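Input: a single structure, listed below in structure tokens.
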Amino acid sequence: MKFTHRWLKEHLETPLTPHDVAARLTLAGLEVSRVEDLAQGLDKVQVGFLEAVDPHPDAQRLTVCRVRVGEERLQVVCGATNHRPGDKVAVARVGAHLPGGMEIAQSTIRGQTSAGMLCSLSELGLATSSDGILILPPTAPEGGPVAPLLGRNDHLLEVELTPNRGDCLGVLGIARELAALTDQALRPPAIDFSTDPRINESHPVQVRIEDGVACPRYAGRVITGVRIAPSPPWLRQRLEAVGLRAINNVVDATNYLMLDLGQPLHAFDLATLAPPIVIRGAWDGETLTTLDGVSRTLTPEMTLIADSRRPLALAGIMGGAESGVSETTTTLFLEAACFNPLRIARTGRHLGIQSDSRHRFERGVDPEGLRRALDRLTRLVLDLAGGQAGPGLLVDAGTLRPPPPIPFRHARAMQLAGVDLPRAEVQALLARLGCRKVSSEEGETELYQPPSYRLDLRREEDLVEEIIRVYGYDRVPSRLPVGPVAPPVADPLAAVAACGRRVLVGLGYLEAINFAFVNAGQLAAFTPEVIPLPLLNPISEEQGVMRTLLAPGLLEAARRNLSRGNDRLRLFEVGRVFLPEADGAVAEAERLGGLLCGSATGRAWHTPARAIDFFDLKGDVTALLAGFGLGDITYRPEGPAFLHPGRKAALLRGDVALGWLGQLHPALQVRFDLPLPLFLFEIDLERLVTTAKEASAPTISRYPAVARDFAFVVDVGLPAAALMQAIGQVAPDLTRAVNLFDLYTGEHLPPGRKSLGVEVVFQAADRTLTDAEVQGLVDAIVVAAQRQFAATLRGPA
């Protein structure tokens with residue numbers, strides 16, 4: 001939001017300098033990012049009188065000018081052609097530093113001395129280009145400074161506003177803030193003018209609001225007999241000072257008051273309209289060419305200002321090219337309206353239109369200020385373009401609901417604010433902000449009605465913030481908080497995730513961070529039976545649903561790496577999955593997933609290359625679970641259908657399924673165009689936390705352990721885990737570990753049989769085991785293996 005200091009003082013007679021104004025506003029939360037002296041570089045530019053303009057003796061396109069500046073007479077060589085003797089011009093004296101960085105020095109041009117420069121608007125930094133030098137009005141005081149004549153004896157301030165302060169998107173709003181901070185009264189503008197009812201009779205314009213949600217209120221007025229012309233200098237200079245281009249007196253009046261009041265306004269050429277004026281939703285596929293010359297295709301969610309024939313303007317964003325004011329316009333229909341901020345924001349974002357009007361409407365305008373804004377515009381148009389105004393009309397759709405009064409408790413407010421102010425002072429501060437007390441009794445809870453332009457005041461905490469802003473943040477005492485400090489509560493899920501990260505990083509894995517939304521088709525390739533949760537407003541079709549597995553994201557990461565030549569991958573991810581339930585709810589679960597592929601070892605002369613296989617994956621998962629303190633895990637040969645049917649396993653601890661691991665199904669490897677087999681695992685961390693609580697740390701015995709090796713011949717289809725589990729259950733208190741160290745099939749074994757080499761470690765917690773005890777354990781193991789699996793002992797290895 002840009003404004004000038006003199007503009008501000010038209011609303012508030014303040015003794016504060018521009019820099020003081022910036023300091024007060026910034027301290028109150030309205031950050032002033034820039035204060036610029038508009039006269040910078042013009043201090044040595046004065047009004048000069050051209051006494052003579054002679055041709056240059058040695059240059060056809062140059063003139064030698066004799067200029068009187070006050071009591072001095074200067075000779076200046078000039079290259080322009082639009083000046084004549086008797087003109088008053090802007091003379092940059094020797095030593096001047098112009099806004100564009102040019103320094104003026106005395107010089108000799110083709111043998112003629114030039115003691116200065118006759119300036120154009122572009123050389124003074126007031127235009128991007130100029131056709132000639134600036135010719136000043138005949139009344140300009142000779143020898144006086146040029147800056148006041150150009151409206152540059154002022155300071156420009158720029159405020160960085162937060163989105164909730166739409167009330168400060170006008171100079172009036174800034175003045176209100178400063179008045180509240182300094183306890184001063186605003187200066188009301190004069191808006192008196194006469195109206196003629198006969199104008200509405202001869203130019204009847206009805207307004208019908210069909211979409212009351214999009215437009216709760218609409219005000220309008222007809223003005224006849226206007227004359228479109230360039231704006232007067234003061235208006236052009238004021239608009240140009242804040243970065244707006246002057247167009248004509250009527251359009252400039254609407255832009256000026258938008259900046260002054262914060263209320264966007266619009267002027268239609270009534271001759272191009274076919275009343276009634278209708279505020280409605282656009283028809284699907286309807287088109288409108290806006291003032292920027294772009295034809296736009298509209299949707300029913302967009303709001304239009306239309307007449308009986310066609311759309312006229314995109315409500316709250318930009319007018320239409322066919323109904324705008326032109327040089328031939330003589331009759332106007334002025335508009336001031338209140339539009340739904342959400343509708344405006346969505347429409348502007350969908351069409352990619354940024355405008356000052358949209359910027360204000362999507363932050364909210366004062367619904368009670370329409371008539372005042374329309375009257376101000378009427379008075380200004382009458383002053384600038386002449387004409388006669390008809391009575392104004394105000395149409396209310398009945399959908400606007402004023403916000404309820406805000407309950408305010410003085411004691412609690414002071415506790416929140418950290419100050420102790422008397423009740424009367426608090427009431428005075430709120431009154432300066434325009435908050436009206438509506439409760440009559442002096443109880444603990446008071447009711448305050450915020451002003452209609454403060455759409456951001458909705459609850460007690462908002463009033464507390466306003467009180468402190470006006471009172472002064474710098475006056476709030478600094479106190480350290482006093483109170484009991486509760487010890488931090490450990491999050492077991494976060495602790496398990498952190499442990500998993502440490503273990504996997506130690507195993508050479510890199511962490512991947514993927515979006516929680518994935519491609520619906522890719523996810524269906526993994527779990528076609530699950531209908532994932534779709535996104536209402538997805539970033540793209542590739543990210544249209546919430547993931548039910550971590551695997552698709554890891555697979556995409558692997559595809560990107562493999563396509564770039566990185567074919568030795570170990571990736572993991574910790575994240576949430578979103579599982580639809582039968583009642584329509586969605587359950588969130590924390591998962592830990594991993595992926596590996598490529599070579600098991602790097603290229604080296606001493607180690608032959610070997611591709612990663614299922615047992616590399618199983619070894620990493622076993623190490624991961626051991627890091628969680630879980631060693632009694634069962635690997636059951638089953639798992640999801642998207643894994644290789646013979647190279648997958650479910651992870652169980654007792655009867656609790658913790659996750660799965662396995663190789664990606666060959667069909668999916670072909671479908672996703674993967675050059676190498678992928679090995680995946682996924683663990684449910686929430687189940688892991690639950691089952692890990694039941695695990696106890698193993699006791700460490702100070703007595704020696706005894707190891708015995710067995711070679712059992714069993715059926716080739718028997719899982720080694722089943723045999724090892726049976727061995728461990730023979731004497732669980734004395735069996736420290738059961739390890740598989742050999743698998744043999746082939747010669748010297750009956751058909752359909754295999755040999756499993758198993759190491760069993762015995763250890764007691766309270767004594768040294770005797771040879772007899774150990775032998776008894778060995779015999780019991782052999783008997784259990786024979787009874788349960790028809791195993792025969794090949795003999796001690």
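Chain labels run A, B, ... following the order of the structure tokens; each chain numbers its residues from 1, and ligands are numbered from 1 in the order shown.
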
Subject >> Test item: residues at most 9 Å from Gly79 of chain A, only C-alpha atoms, excluding those fewer than 6 positions along its chain, as a list in words >> reply: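 Contacts, in chain order: Arg61, Leu62, Thr63 and Gly132 of chain A.
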
**OP:** Please identify all polymer residues within 9 Å of Ser33 of chain A, counting only C-alpha atoms, omitting same-chain residues fewer than 4 positions from it, and present them as a list in words.
**Re:**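 Final neighbour list, sorted by chain and number: Ala22, Thr26, Leu157, Glu158, Val159 and Glu160 of chain A.
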
Residues of the last selection are to be written out with C-alpha atoms, as a PDB file, in the first residue's frame.
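Done, and the output landed in part.pdb:
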ATOM      1  CA  ALA A  22       6.575   5.421   9.565  1.00  0.00           C
ATOM      2  CA  THR A  26       5.644   0.105  12.207  1.00  0.00           C
ATOM      3  CA  LEU A 157       5.467   5.813   2.175  1.00  0.00           C
ATOM      4  CA  GLU A 158       4.934   2.120   1.447  1.00  0.00           C
ATOM      5  CA  VAL A 159       3.286  -0.152   4.016  1.00  0.00           C
ATOM      6  CA  GLU A 160       3.596  -3.963   3.966  1.00  0.00           C
TER       7      GLU A 160
END

Original post:
Val251 of chain A: which residues within 10 Å, counting only C-alpha atoms, same-chain residues fewer than 5 positions away excluded, as a PyMOL selection string?
Top reply: chain A and resi 228+230-231+246+256+265-268+324-326+381

Can I get the selection written as a PDB file, in the first residue's frame, with N, CA, C and O atoms?
ATOM      1  N   ILE A 228     -15.493  13.874 -20.904  1.00  0.00           N
ATOM      2  CA  ILE A 228     -14.266  13.114 -20.674  1.00  0.00           C
ATOM      3  C   ILE A 228     -13.081  13.942 -21.158  1.00  0.00           C
ATOM      4  O   ILE A 228     -13.060  14.422 -22.288  1.00  0.00           O
ATOM      5  N   PRO A 230      -8.570  14.940 -20.019  1.00  0.00           N
ATOM      6  CA  PRO A 230      -7.443  14.592 -19.157  1.00  0.00           C
ATOM      7  C   PRO A 230      -7.668  15.105 -17.733  1.00  0.00           C
ATOM      8  O   PRO A 230      -8.335  16.121 -17.520  1.00  0.00           O
ATOM      9  N   SER A 231      -7.121  14.410 -16.787  1.00  0.00           N
ATOM     10  CA  SER A 231      -7.256  14.804 -15.388  1.00  0.00           C
ATOM     11  C   SER A 231      -6.414  16.044 -15.101  1.00  0.00           C
ATOM     12  O   SER A 231      -5.402  16.287 -15.769  1.00  0.00           O
ATOM     13  N   ALA A 246      -2.181   7.745 -15.262  1.00  0.00           N
ATOM     14  CA  ALA A 246      -3.387   8.539 -15.480  1.00  0.00           C
ATOM     15  C   ALA A 246      -4.000   8.197 -16.836  1.00  0.00           C
ATOM     16  O   ALA A 246      -3.291   8.029 -17.828  1.00  0.00           O
ATOM     17  N   TYR A 256      -8.423   6.885  -7.977  1.00  0.00           N
ATOM     18  CA  TYR A 256      -7.999   7.724  -6.859  1.00  0.00           C
ATOM     19  C   TYR A 256      -8.779   7.377  -5.595  1.00  0.00           C
ATOM     20  O   TYR A 256      -8.195   7.217  -4.511  1.00  0.00           O
ATOM     21  N   LEU A 265     -14.093   0.934  -7.105  1.00  0.00           N
ATOM     22  CA  LEU A 265     -15.237   1.555  -7.753  1.00  0.00           C
ATOM     23  C   LEU A 265     -15.110   1.384  -9.260  1.00  0.00           C
ATOM     24  O   LEU A 265     -14.008   1.158  -9.772  1.00  0.00           O
ATOM     25  N   HIS A 266     -16.234   1.520  -9.964  1.00  0.00           N
ATOM     26  CA  HIS A 266     -16.199   1.350 -11.417  1.00  0.00           C
ATOM     27  C   HIS A 266     -17.194   2.291 -12.060  1.00  0.00           C
ATOM     28  O   HIS A 266     -18.243   2.618 -11.477  1.00  0.00           O
ATOM     29  N   ALA A 267     -16.852   2.746 -13.260  1.00  0.00           N
ATOM     30  CA  ALA A 267     -17.737   3.613 -14.033  1.00  0.00           C
ATOM     31  C   ALA A 267     -18.046   2.955 -15.374  1.00  0.00           C
ATOM     32  O   ALA A 267     -17.130   2.602 -16.119  1.00  0.00           O
ATOM     33  N   PHE A 268     -19.335   2.784 -15.670  1.00  0.00           N
ATOM     34  CA  PHE A 268     -19.781   2.242 -16.945  1.00  0.00           C
ATOM     35  C   PHE A 268     -20.237   3.392 -17.851  1.00  0.00           C
ATOM     36  O   PHE A 268     -20.759   4.412 -17.377  1.00  0.00           O
ATOM     37  N   GLY A 324     -16.650   0.112 -20.969  1.00  0.00           N
ATOM     38  CA  GLY A 324     -15.829   1.073 -20.259  1.00  0.00           C
ATOM     39  C   GLY A 324     -16.016   2.493 -20.765  1.00  0.00           C
ATOM     40  O   GLY A 324     -16.615   2.745 -21.820  1.00  0.00           O
ATOM     41  N   VAL A 325     -15.477   3.444 -20.006  1.00  0.00           N
ATOM     42  CA  VAL A 325     -15.576   4.860 -20.352  1.00  0.00           C
ATOM     43  C   VAL A 325     -14.609   5.168 -21.490  1.00  0.00           C
ATOM     44  O   VAL A 325     -13.444   4.744 -21.479  1.00  0.00           O
ATOM     45  N   SER A 326     -15.104   5.916 -22.492  1.00  0.00           N
ATOM     46  CA  SER A 326     -14.284   6.329 -23.630  1.00  0.00           C
ATOM     47  C   SER A 326     -14.407   7.837 -23.813  1.00  0.00           C
ATOM     48  O   SER A 326     -15.128   8.523 -23.083  1.00  0.00           O
ATOM     49  N   VAL A 381     -16.413  13.248  -9.556  1.00  0.00           N
ATOM     50  CA  VAL A 381     -16.711  13.239 -10.995  1.00  0.00           C
ATOM     51  C   VAL A 381     -17.376  14.553 -11.404  1.00  0.00           C
ATOM     52  O   VAL A 381     -17.060  15.134 -12.454  1.00  0.00           O
TER      53      VAL A 381
END

**OP:** Would you kindly return, as a PyMOL selection string, each protein, DNA or RNA residue with an atom no farther than 8 Å from any atom of segment 589-597 of chain A, considering only C-alpha atoms and excluding same-chain residues fewer than 6 positions away?
**Re:** chain A and resi 497+500+550-551+554-555+567-579+611-612+617+676-686

Output N, CA, C and O atoms for every residue in that selection, as a compact mmCIF listing (two decimals), in the first residue's frame.
# COMPACT_ATOMS: atom_id res chain seq x y z
N ALA A 497 10.94 -44.43 15.45
CA ALA A 497 11.32 -43.94 14.12
C ALA A 497 12.77 -43.47 14.09
O ALA A 497 13.51 -43.75 13.14
N GLY A 500 14.99 -46.49 14.07
CA GLY A 500 15.03 -47.11 12.75
C GLY A 500 15.91 -46.33 11.78
O GLY A 500 16.65 -46.91 10.98
N LEU A 550 3.88 -47.07 1.40
CA LEU A 550 5.06 -46.26 1.10
C LEU A 550 5.74 -46.73 -0.17
O LEU A 550 6.52 -45.99 -0.77
N ALA A 551 5.46 -47.96 -0.60
CA ALA A 551 6.18 -48.56 -1.71
C ALA A 551 6.11 -47.76 -3.01
O ALA A 551 7.13 -47.62 -3.70
N LEU A 554 8.68 -44.93 -2.97
CA LEU A 554 10.05 -45.45 -3.04
C LEU A 554 10.35 -45.98 -4.44
O LEU A 554 11.47 -45.83 -4.95
N LEU A 555 9.35 -46.61 -5.07
CA LEU A 555 9.56 -47.11 -6.42
C LEU A 555 9.85 -45.97 -7.39
O LEU A 555 10.73 -46.07 -8.25
N ASP A 567 22.63 -47.24 -10.02
CA ASP A 567 22.01 -48.56 -9.98
C ASP A 567 22.35 -49.35 -8.72
O ASP A 567 22.16 -50.57 -8.68
N ARG A 568 22.85 -48.69 -7.70
CA ARG A 568 23.12 -49.37 -6.42
C ARG A 568 22.41 -48.57 -5.34
O ARG A 568 22.91 -47.58 -4.83
N LEU A 569 21.19 -49.02 -5.00
CA LEU A 569 20.30 -48.21 -4.17
C LEU A 569 19.96 -48.88 -2.86
O LEU A 569 19.70 -50.09 -2.80
N ARG A 570 19.95 -48.09 -1.83
CA ARG A 570 19.38 -48.47 -0.53
C ARG A 570 18.65 -47.24 -0.01
O ARG A 570 19.26 -46.27 0.41
N LEU A 571 17.31 -47.25 -0.07
CA LEU A 571 16.48 -46.12 0.33
C LEU A 571 15.50 -46.53 1.41
O LEU A 571 15.06 -47.69 1.44
N PHE A 572 15.17 -45.59 2.28
CA PHE A 572 14.10 -45.84 3.25
C PHE A 572 13.30 -44.57 3.45
O PHE A 572 13.73 -43.47 3.13
N GLU A 573 12.09 -44.73 3.98
CA GLU A 573 11.21 -43.59 4.25
C GLU A 573 10.40 -43.88 5.50
O GLU A 573 9.94 -45.01 5.72
N VAL A 574 10.22 -42.85 6.32
CA VAL A 574 9.31 -42.90 7.46
C VAL A 574 8.17 -41.94 7.16
O VAL A 574 8.41 -40.76 6.90
N GLY A 575 6.95 -42.42 7.18
CA GLY A 575 5.83 -41.53 6.85
C GLY A 575 4.50 -42.20 7.13
O GLY A 575 4.41 -43.38 7.48
N ARG A 576 3.45 -41.40 6.96
CA ARG A 576 2.09 -41.88 7.22
C ARG A 576 1.45 -42.42 5.96
O ARG A 576 1.70 -41.92 4.87
N VAL A 577 0.62 -43.43 6.15
CA VAL A 577 -0.25 -43.93 5.09
C VAL A 577 -1.69 -43.72 5.55
O VAL A 577 -1.97 -43.57 6.74
N PHE A 578 -2.62 -43.71 4.59
CA PHE A 578 -4.00 -43.34 4.87
C PHE A 578 -4.90 -44.47 4.38
O PHE A 578 -5.04 -44.68 3.17
N LEU A 579 -5.50 -45.17 5.33
CA LEU A 579 -6.21 -46.41 5.03
C LEU A 579 -7.71 -46.20 5.18
O LEU A 579 -8.19 -45.89 6.29
N ALA A 611 24.75 -59.68 -7.28
CA ALA A 611 23.50 -58.91 -7.24
C ALA A 611 22.81 -59.13 -5.89
O ALA A 611 22.91 -60.19 -5.27
N ILE A 612 22.11 -58.11 -5.45
CA ILE A 612 21.33 -58.20 -4.21
C ILE A 612 20.25 -59.26 -4.39
O ILE A 612 19.62 -59.38 -5.44
N LEU A 617 18.06 -58.61 1.70
CA LEU A 617 16.93 -57.87 2.25
C LEU A 617 16.58 -58.39 3.64
O LEU A 617 16.40 -57.61 4.59
N LEU A 676 16.19 -53.56 -13.13
CA LEU A 676 16.73 -54.45 -12.09
C LEU A 676 15.60 -54.87 -11.16
O LEU A 676 14.62 -54.14 -10.97
N PRO A 677 15.74 -56.04 -10.54
CA PRO A 677 14.77 -56.43 -9.51
C PRO A 677 14.83 -55.48 -8.32
O PRO A 677 15.91 -55.03 -7.93
N LEU A 678 13.67 -55.18 -7.75
CA LEU A 678 13.60 -54.34 -6.56
C LEU A 678 13.18 -55.19 -5.37
O LEU A 678 12.30 -56.04 -5.48
N PHE A 679 13.78 -54.93 -4.22
CA PHE A 679 13.44 -55.61 -2.99
C PHE A 679 12.91 -54.58 -2.00
O PHE A 679 13.54 -53.53 -1.79
N LEU A 680 11.75 -54.87 -1.42
CA LEU A 680 11.03 -53.90 -0.61
C LEU A 680 10.70 -54.47 0.76
O LEU A 680 10.56 -55.70 0.92
N PHE A 681 10.55 -53.59 1.73
CA PHE A 681 9.98 -54.00 3.02
C PHE A 681 9.18 -52.83 3.58
O PHE A 681 9.40 -51.67 3.22
N GLU A 682 8.22 -53.15 4.43
CA GLU A 682 7.43 -52.12 5.10
C GLU A 682 7.01 -52.64 6.46
O GLU A 682 6.56 -53.78 6.59
N ILE A 683 7.18 -51.80 7.49
CA ILE A 683 6.91 -52.18 8.88
C ILE A 683 5.94 -51.17 9.47
O ILE A 683 6.11 -49.95 9.30
N ASP A 684 4.94 -51.67 10.18
CA ASP A 684 3.97 -50.83 10.88
C ASP A 684 4.58 -50.40 12.21
O ASP A 684 4.70 -51.21 13.14
N LEU A 685 4.98 -49.13 12.30
CA LEU A 685 5.68 -48.67 13.50
C LEU A 685 4.77 -48.63 14.71
O LEU A 685 5.24 -48.81 15.84
N GLU A 686 3.49 -48.38 14.54
CA GLU A 686 2.58 -48.32 15.68
C GLU A 686 2.43 -49.71 16.31
O GLU A 686 2.43 -49.85 17.54

**OP:** Can you pull out every residue within 6 Å of segment 432-438 of chain A, counting only C-alpha atoms, but drop anything in the same chain fewer than 5 positions away, and send it as a list in words?
**Re:**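 Close residues of segment 432-438 of chain A: Ala180, Leu447, Tyr448, Gln449, Pro450 and Pro451 of chain A.
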
Selection export as a compact mmCIF listing (two decimals), in the first residue's frame, atoms kept: N, CA and C atoms:
# COMPACT_ATOMS: atom_id res chain seq x y z
N ALA A 180 -6.01 6.69 15.80
CA ALA A 180 -6.16 5.90 17.02
C ALA A 180 -4.86 5.87 17.82
N LEU A 447 -19.68 -6.28 26.33
CA LEU A 447 -19.88 -6.59 24.92
C LEU A 447 -19.47 -5.38 24.09
N TYR A 448 -18.63 -5.64 23.05
CA TYR A 448 -18.18 -4.58 22.17
C TYR A 448 -18.52 -4.93 20.72
N GLN A 449 -19.05 -3.96 20.00
CA GLN A 449 -19.34 -4.13 18.57
C GLN A 449 -18.21 -3.50 17.78
N PRO A 450 -17.43 -4.30 17.04
CA PRO A 450 -16.34 -3.70 16.25
C PRO A 450 -16.90 -2.91 15.08
N PRO A 451 -16.15 -1.95 14.55
CA PRO A 451 -16.63 -1.18 13.39
C PRO A 451 -16.76 -2.08 12.17

Within 8 Å of segment 139-146 of chain A: each segment 11-87 of chain A residue with its shortest pair, only C-alpha atoms, as a tab-separated table:
residue	atom	partner	partner_atom	distance
A:Leu42	CA	A:Val146	CA	7.2
A:Asp43	CA	A:Pro145	CA	7.1
A:Lys44	CA	A:Pro145	CA	7.6
A:Val45	CA	A:Val146	CA	6.0
A:Gln46	CA	A:Pro145	CA	4.5
A:Val47	CA	A:Gly143	CA	4.9
A:Gly48	CA	A:Glu142	CA	5.8
A:Phe49	CA	A:Glu142	CA	6.6
A:Arg68	CA	A:Gly143	CA	8.0
A:Val69	CA	A:Gly143	CA	4.7
A:Gly70	CA	A:Gly143	CA	4.2
A:Glu71	CA	A:Gly143	CA	7.9

Subject >> Shortest interatomic distance to Ile468 of chain A - which of A:Ser701, A:Asp420, A:Glu322, A:Val760, counting only C-alpha atoms >> reply: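 Of all the options, A:Asp420 lies closest to Ile468 of chain A.
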
Subject >> Residue contacts of segment 512-526 of chain A (6 Å, only C-alpha atoms) excluding same-chain residues fewer than 6 positions away, as a VMD selection string >> reply: chain A and resid 542 to 547 553 572 to 573 642

Subject >> 8 Å contact set for Leu124 of chain A, only C-alpha atoms, chain neighbours under 5 positions out, as a PyMOL selection string >> reply: chain A and resi 42+98-100+119

Mind writing the picked residues with N, CA, C and O atoms as an mmCIF file, in the first residue's frame?
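Produced file part.cif, reproduced below:
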data_model
loop_
_atom_site.group_PDB
_atom_site.id
_atom_site.type_symbol
_atom_site.label_atom_id
_atom_site.label_comp_id
_atom_site.auth_asym_id
_atom_site.auth_seq_id
_atom_site.Cartn_x
_atom_site.Cartn_y
_atom_site.Cartn_z
ATOM 1 N N LEU A 42 15.694 17.017 -7.171
ATOM 2 C CA LEU A 42 15.093 18.202 -7.791
ATOM 3 C C LEU A 42 15.446 19.479 -7.038
ATOM 4 O O LEU A 42 14.875 20.545 -7.323
ATOM 5 N N LEU A 98 20.158 14.639 -10.845
ATOM 6 C CA LEU A 98 18.790 14.323 -11.223
ATOM 7 C C LEU A 98 18.410 12.908 -10.771
ATOM 8 O O LEU A 98 19.277 12.065 -10.524
ATOM 9 N N PRO A 99 17.094 12.615 -10.669
ATOM 10 C CA PRO A 99 16.654 11.302 -10.173
ATOM 11 C C PRO A 99 17.227 10.122 -10.936
ATOM 12 O O PRO A 99 17.439 9.051 -10.362
ATOM 13 N N GLY A 100 17.501 10.257 -12.209
ATOM 14 C CA GLY A 100 18.046 9.139 -12.972
ATOM 15 C C GLY A 100 19.526 8.913 -12.762
ATOM 16 O O GLY A 100 20.104 8.001 -13.348
ATOM 17 N N CYS A 119 15.044 20.562 -18.789
ATOM 18 C CA CYS A 119 14.679 19.166 -18.487
ATOM 19 C C CYS A 119 13.332 18.769 -19.072
ATOM 20 O O CYS A 119 12.390 19.574 -19.144
#

Subject >> Residues of segment 32-229 of chain A in strand (DSSP E), written as an MDAnalysis selection string >> reply: chainID A and resid 32:37 45:56 59:69 72:78 88:92 107:109 112:114 117:118 135:136 155:160 207:209 217:224

**OP:** Could you pull out the residues in segment 423-630 of chain A that DSSP calls alpha helix (DSSP H) from the backbone, as JSON, numbers by chain?
**Re:** {"A": [423, 424, 425, 426, 427, 428, 429, 430, 431, 432, 460, 461, 462, 463, 464, 465, 466, 467, 468, 469, 470, 471, 492, 493, 494, 495, 496, 497, 498, 499, 500, 501, 502, 503, 504, 505, 506, 520, 521, 522, 523, 524, 525, 526, 551, 552, 553, 554, 555, 556, 557, 558, 559, 560, 561, 562, 563, 614, 615, 616, 617, 618, 619, 620, 621, 622, 623, 624, 625, 626, 627]}

Subject >> Nearest residue to His644 of chain A from the set A:Gly662, A:Pro402, A:Pro188, A:Gly166 (distances using only C-alpha atoms) >> reply: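 Checking each candidate against His644 of chain A, we get A:Gly662 as the closest.
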
Original post:
What is the distance, in Å and to one decimal place, between atom CA of Arg753 of chain A and atom CA of Asp632 of chain A?
Top reply: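 Computed distance, atom CA of Arg753 of chain A to atom CA of Asp632 of chain A, equals 26.8 Å.
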
Original post:
In terms of the shortest atom-to-atom distance over only C-alpha atoms, which of A:Arg376, A:Arg152, A:Arg475, A:Arg412 is closest to Phe193 of chain A?
Top reply: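 Nearest to Phe193 of chain A: A:Arg376.
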
Original post:
With only C-alpha atoms as the atoms that count, which of A:Ala431, A:Leu507, A:Thr254, A:Asp307 lies nearest to Asp356 of chain A?
Top reply: A:Thr254

**OP:** Go through A:Gly386, A:Gly598, A:Gly151, A:Gly319 and flag the residue nearest Arg236 of chain A, using only C-alpha atoms for the distances.
**Re:** A:Gly151
